[in-house]
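First up is the structure itself, then whatever we jot down about it.
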Amino acid sequence: MKIKLDTKKIYLAMAERGITATEIARQGNVSQQAVSNALNGNRVGKVKVVPAICKALEMSAKDIVIIED
């Protein structure tokens, strides 16, 4: 099982709300590098990244997480 983020939805939500990756990191108390890695599709990384993105963008994990078999 592989977990990916729906980066198109995330980037669209970021643009609509005027939120940067740095702001997501600050609000979620995670590193900017961890958020950047997740958004670039390199890896989801720390478990805390998904909740940080969800919190900052007011979205649920169901909206942004893709689980592949």
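Order determines the names: the first chain of the structure tokens is A, the second B, and so forth; residues in each chain are numbered 1 upward, and ligands are numbered 1 upward as they are shown.
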
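Every protein or nucleic acid residue with an atom no more than 9 Å from A:Leu39, counting only C-alpha atoms and leaving out same-chain residues fewer than 4 positions away, appears here: Leu5, Asp6, Thr7, Ile10, Tyr11, Ala21, Ala34, Val35, Arg43 and Val44 of chain A.
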
- Pull the alpha helix (DSSP H) assignments for stretch 12-58 of chain A out of DSSP run on the backbone, and list those residues as a PyMOL selection string. chain A and resi 12-17+21-28+32-39+49-57

Who sits within 10 Å of A:Ala13, only C-alpha atoms, same chain under 3 positions skipped, as a CSV table (one decimal) with N, CA, C and O atoms, in the first residue's frame:
chain,number,residue,atom,x,y,z
A,7,THR,N,-1.8,16.4,-4.7
A,7,THR,CA,-1.1,17.7,-4.7
A,7,THR,C,-1.9,18.8,-5.6
A,7,THR,O,-1.8,20.0,-5.3
A,8,LYS,N,-2.6,18.3,-6.6
A,8,LYS,CA,-3.4,19.3,-7.4
A,8,LYS,C,-4.4,20.0,-6.5
A,8,LYS,O,-4.6,21.2,-6.5
A,9,LYS,N,-5.1,19.2,-5.7
A,9,LYS,CA,-6.1,19.7,-4.8
A,9,LYS,C,-5.5,20.6,-3.7
A,9,LYS,O,-6.0,21.7,-3.4
A,10,ILE,N,-4.3,20.2,-3.2
A,10,ILE,CA,-3.7,21.0,-2.2
A,10,ILE,C,-3.2,22.3,-2.8
A,10,ILE,O,-3.4,23.4,-2.2
A,16,GLU,N,-6.2,29.4,-3.5
A,16,GLU,CA,-7.5,30.0,-3.1
A,16,GLU,C,-7.4,30.7,-1.8
A,16,GLU,O,-8.1,31.8,-1.6
A,17,ARG,N,-6.7,30.2,-0.9
A,17,ARG,CA,-6.6,30.8,0.5
A,17,ARG,C,-5.4,31.7,0.7
A,17,ARG,O,-5.2,32.3,1.7
A,18,GLY,N,-4.5,31.7,-0.3
A,18,GLY,CA,-3.3,32.5,-0.2
A,18,GLY,C,-2.3,32.0,0.9
A,18,GLY,O,-1.7,32.8,1.6
A,19,ILE,N,-2.2,30.7,1.0
A,19,ILE,CA,-1.4,30.1,2.0
A,19,ILE,C,-0.2,29.4,1.3
A,19,ILE,O,-0.3,28.8,0.3
A,56,ALA,N,-4.3,23.8,8.1
A,56,ALA,CA,-4.1,25.1,7.4
A,56,ALA,C,-5.1,25.3,6.3
A,56,ALA,O,-5.5,26.5,6.1
A,57,LEU,N,-5.5,24.3,5.6
A,57,LEU,CA,-6.3,24.5,4.5
A,57,LEU,C,-7.8,24.1,4.8
A,57,LEU,O,-8.6,24.2,3.9
A,58,GLU,N,-8.1,23.8,6.0
A,58,GLU,CA,-9.4,23.5,6.5
A,58,GLU,C,-10.0,22.4,5.6
A,58,GLU,O,-11.1,22.5,5.0
A,59,MET,N,-9.3,21.3,5.4
A,59,MET,CA,-9.7,20.1,4.6
A,59,MET,C,-9.5,18.9,5.5
A,59,MET,O,-8.8,18.9,6.5

- Task: Output as a list of chain:residue names all residues of chain A that backbone DSSP marks as strand (DSSP E).
- Result: A:Lys2, A:Ile3, A:Lys4, A:Leu5, A:Val65, A:Ile66, A:Ile67, A:Glu68

Residues of the last selection are to be written out with C-alpha atoms, as a PDB file, in the first residue's frame.
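out-v4.pdb was written with the following content:
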ATOM      1  CA  LYS A   2       1.331   3.404  -0.981  1.00  0.00           C
ATOM      2  CA  ILE A   3       0.117   6.723   0.388  1.00  0.00           C
ATOM      3  CA  LYS A   4       0.268   9.818  -1.808  1.00  0.00           C
ATOM      4  CA  LEU A   5      -1.117  13.299  -1.567  1.00  0.00           C
ATOM      5  CA  VAL A  65      -4.798  11.488   0.710  1.00  0.00           C
ATOM      6  CA  ILE A  66      -4.704   8.896  -2.050  1.00  0.00           C
ATOM      7  CA  ILE A  67      -4.114   5.276  -1.035  1.00  0.00           C
ATOM      8  CA  GLU A  68      -2.880   2.983  -3.773  1.00  0.00           C
TER       9      GLU A  68
END

Please provide the set of residues having any atom within 10 Å of A:Ala25, restricted to only C-alpha atoms, with same-chain residues fewer than 3 positions apart removed, written as a PDB file with all heavy atoms, in the first residue's frame.
ATOM      1  N   THR A  20       0.991  29.670   1.906  1.00  0.00           N
ATOM      2  CA  THR A  20       2.223  29.089   1.379  1.00  0.00           C
ATOM      3  C   THR A  20       2.600  27.833   2.164  1.00  0.00           C
ATOM      4  O   THR A  20       2.059  27.572   3.244  1.00  0.00           O
ATOM      5  CB  THR A  20       3.390  30.088   1.493  1.00  0.00           C
ATOM      6  OG1 THR A  20       3.622  30.337   2.895  1.00  0.00           O
ATOM      7  CG2 THR A  20       3.091  31.391   0.772  1.00  0.00           C
ATOM      8  N   ALA A  21       3.548  27.086   1.624  1.00  0.00           N
ATOM      9  CA  ALA A  21       4.057  25.906   2.326  1.00  0.00           C
ATOM     10  C   ALA A  21       4.680  26.302   3.661  1.00  0.00           C
ATOM     11  O   ALA A  21       4.558  25.581   4.654  1.00  0.00           O
ATOM     12  CB  ALA A  21       5.075  25.168   1.456  1.00  0.00           C
ATOM     13  N   THR A  22       5.305  27.442   3.700  1.00  0.00           N
ATOM     14  CA  THR A  22       5.905  27.936   4.942  1.00  0.00           C
ATOM     15  C   THR A  22       4.838  28.179   5.994  1.00  0.00           C
ATOM     16  O   THR A  22       5.016  27.847   7.169  1.00  0.00           O
ATOM     17  CB  THR A  22       6.707  29.228   4.673  1.00  0.00           C
ATOM     18  OG1 THR A  22       7.705  28.947   3.701  1.00  0.00           O
ATOM     19  CG2 THR A  22       7.344  29.767   5.935  1.00  0.00           C
ATOM     20  N   GLY A  28       1.246  24.023  11.448  1.00  0.00           N
ATOM     21  CA  GLY A  28       1.237  22.626  11.846  1.00  0.00           C
ATOM     22  C   GLY A  28       2.400  22.210  12.715  1.00  0.00           C
ATOM     23  O   GLY A  28       2.520  21.050  13.096  1.00  0.00           O
ATOM     24  N   ASN A  29       3.287  23.161  12.987  1.00  0.00           N
ATOM     25  CA  ASN A  29       4.466  22.889  13.816  1.00  0.00           C
ATOM     26  C   ASN A  29       5.319  21.748  13.255  1.00  0.00           C
ATOM     27  O   ASN A  29       5.739  20.848  13.971  1.00  0.00           O
ATOM     28  CB  ASN A  29       4.060  22.604  15.265  1.00  0.00           C
ATOM     29  CG  ASN A  29       5.216  22.753  16.215  1.00  0.00           C
ATOM     30  OD1 ASN A  29       6.135  23.545  15.985  1.00  0.00           O
ATOM     31  ND2 ASN A  29       5.212  21.995  17.288  1.00  0.00           N
ATOM     32  N   VAL A  30       5.526  21.789  11.935  1.00  0.00           N
ATOM     33  CA  VAL A  30       6.412  20.849  11.246  1.00  0.00           C
ATOM     34  C   VAL A  30       7.400  21.669  10.431  1.00  0.00           C
ATOM     35  O   VAL A  30       7.214  22.868  10.223  1.00  0.00           O
ATOM     36  CB  VAL A  30       5.639  19.864  10.330  1.00  0.00           C
ATOM     37  CG1 VAL A  30       4.725  18.978  11.143  1.00  0.00           C
ATOM     38  CG2 VAL A  30       4.849  20.591   9.257  1.00  0.00           C
ATOM     39  N   SER A  31       8.441  21.028   9.947  1.00  0.00           N
ATOM     40  CA  SER A  31       9.435  21.770   9.183  1.00  0.00           C
ATOM     41  C   SER A  31       8.912  22.118   7.789  1.00  0.00           C
ATOM     42  O   SER A  31       8.089  21.390   7.214  1.00  0.00           O
ATOM     43  CB  SER A  31      10.729  20.963   9.049  1.00  0.00           C
ATOM     44  OG  SER A  31      10.553  19.894   8.136  1.00  0.00           O
ATOM     45  N   GLN A  32       9.401  23.213   7.266  1.00  0.00           N
ATOM     46  CA  GLN A  32       9.026  23.619   5.913  1.00  0.00           C
ATOM     47  C   GLN A  32       9.512  22.579   4.921  1.00  0.00           C
ATOM     48  O   GLN A  32       8.852  22.307   3.923  1.00  0.00           O
ATOM     49  CB  GLN A  32       9.600  25.011   5.606  1.00  0.00           C
ATOM     50  CG  GLN A  32       9.008  25.675   4.380  1.00  0.00           C
ATOM     51  CD  GLN A  32       9.636  25.228   3.080  1.00  0.00           C
ATOM     52  OE1 GLN A  32      10.799  24.819   3.037  1.00  0.00           O
ATOM     53  NE2 GLN A  32       8.881  25.291   2.008  1.00  0.00           N
ATOM     54  N   GLN A  33      10.655  21.971   5.198  1.00  0.00           N
ATOM     55  CA  GLN A  33      11.217  20.948   4.317  1.00  0.00           C
ATOM     56  C   GLN A  33      10.292  19.724   4.249  1.00  0.00           C
ATOM     57  O   GLN A  33      10.100  19.154   3.180  1.00  0.00           O
ATOM     58  CB  GLN A  33      12.609  20.522   4.786  1.00  0.00           C
ATOM     59  CG  GLN A  33      13.305  19.583   3.832  1.00  0.00           C
ATOM     60  CD  GLN A  33      13.584  20.235   2.482  1.00  0.00           C
ATOM     61  OE1 GLN A  33      14.006  21.376   2.412  1.00  0.00           O
ATOM     62  NE2 GLN A  33      13.321  19.515   1.418  1.00  0.00           N
ATOM     63  N   ALA A  34       9.705  19.342   5.381  1.00  0.00           N
ATOM     64  CA  ALA A  34       8.782  18.202   5.401  1.00  0.00           C
ATOM     65  C   ALA A  34       7.547  18.494   4.551  1.00  0.00           C
ATOM     66  O   ALA A  34       7.089  17.639   3.786  1.00  0.00           O
ATOM     67  CB  ALA A  34       8.378  17.869   6.833  1.00  0.00           C
ATOM     68  N   VAL A  35       7.026  19.700   4.658  1.00  0.00           N
ATOM     69  CA  VAL A  35       5.867  20.091   3.852  1.00  0.00           C
ATOM     70  C   VAL A  35       6.254  20.129   2.388  1.00  0.00           C
ATOM     71  O   VAL A  35       5.548  19.608   1.522  1.00  0.00           O
ATOM     72  CB  VAL A  35       5.302  21.458   4.310  1.00  0.00           C
ATOM     73  CG1 VAL A  35       4.205  21.938   3.371  1.00  0.00           C
ATOM     74  CG2 VAL A  35       4.788  21.374   5.738  1.00  0.00           C
ATOM     75  N   SER A  36       7.388  20.717   2.080  1.00  0.00           N
ATOM     76  CA  SER A  36       7.864  20.802   0.706  1.00  0.00           C
ATOM     77  C   SER A  36       8.048  19.419   0.092  1.00  0.00           C
ATOM     78  O   SER A  36       7.638  19.175  -1.043  1.00  0.00           O
ATOM     79  CB  SER A  36       9.176  21.582   0.655  1.00  0.00           C
ATOM     80  OG  SER A  36       9.643  21.688  -0.659  1.00  0.00           O
ATOM     81  N   LYS A  48       2.946  13.852  10.869  1.00  0.00           N
ATOM     82  CA  LYS A  48       2.374  15.149  11.234  1.00  0.00           C
ATOM     83  C   LYS A  48       2.121  16.063  10.040  1.00  0.00           C
ATOM     84  O   LYS A  48       1.410  17.044  10.166  1.00  0.00           O
ATOM     85  CB  LYS A  48       3.287  15.867  12.224  1.00  0.00           C
ATOM     86  CG  LYS A  48       3.400  15.140  13.545  1.00  0.00           C
ATOM     87  CD  LYS A  48       3.986  15.900  14.684  1.00  0.00           C
ATOM     88  CE  LYS A  48       5.219  16.610  14.668  1.00  0.00           C
ATOM     89  NZ  LYS A  48       5.697  17.227  15.851  1.00  0.00           N
ATOM     90  N   VAL A  49       2.669  15.736   8.877  1.00  0.00           N
ATOM     91  CA  VAL A  49       2.525  16.626   7.720  1.00  0.00           C
ATOM     92  C   VAL A  49       1.082  16.674   7.228  1.00  0.00           C
ATOM     93  O   VAL A  49       0.560  17.753   6.943  1.00  0.00           O
ATOM     94  CB  VAL A  49       3.484  16.223   6.582  1.00  0.00           C
ATOM     95  CG1 VAL A  49       3.212  17.035   5.327  1.00  0.00           C
ATOM     96  CG2 VAL A  49       4.924  16.410   7.017  1.00  0.00           C
ATOM     97  N   ALA A  52      -1.102  18.776   9.403  1.00  0.00           N
ATOM     98  CA  ALA A  52      -0.711  20.185   9.269  1.00  0.00           C
ATOM     99  C   ALA A  52      -1.342  20.790   8.023  1.00  0.00           C
ATOM    100  O   ALA A  52      -1.866  21.912   8.060  1.00  0.00           O
ATOM    101  CB  ALA A  52       0.815  20.305   9.205  1.00  0.00           C
ATOM    102  N   ILE A  53      -1.302  20.058   6.930  1.00  0.00           N
ATOM    103  CA  ILE A  53      -1.905  20.540   5.682  1.00  0.00           C
ATOM    104  C   ILE A  53      -3.414  20.674   5.855  1.00  0.00           C
ATOM    105  O   ILE A  53      -4.008  21.687   5.464  1.00  0.00           O
ATOM    106  CB  ILE A  53      -1.549  19.599   4.511  1.00  0.00           C
ATOM    107  CG1 ILE A  53      -0.052  19.658   4.221  1.00  0.00           C
ATOM    108  CG2 ILE A  53      -2.357  19.962   3.265  1.00  0.00           C
ATOM    109  CD1 ILE A  53       0.444  18.583   3.261  1.00  0.00           C
ATOM    110  N   ALA A  56      -4.296  23.767   8.090  1.00  0.00           N
ATOM    111  CA  ALA A  56      -4.062  25.057   7.442  1.00  0.00           C
ATOM    112  C   ALA A  56      -5.056  25.333   6.327  1.00  0.00           C
ATOM    113  O   ALA A  56      -5.456  26.473   6.108  1.00  0.00           O
ATOM    114  CB  ALA A  56      -2.636  25.122   6.904  1.00  0.00           C
TER     115      ALA A  56
END

- Work out how far atom CA of A:Arg26 is from atom CA of A:Val50, in Å to one decimal.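 That distance, rounded to one decimal, is 13.4 Å.
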
- Item | Point-to-point distance from atom CA of A:Glu23 to atom CA of A:Lys62, Å rounded to tenths |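 Here the two named atoms are 21.4 Å from each other.
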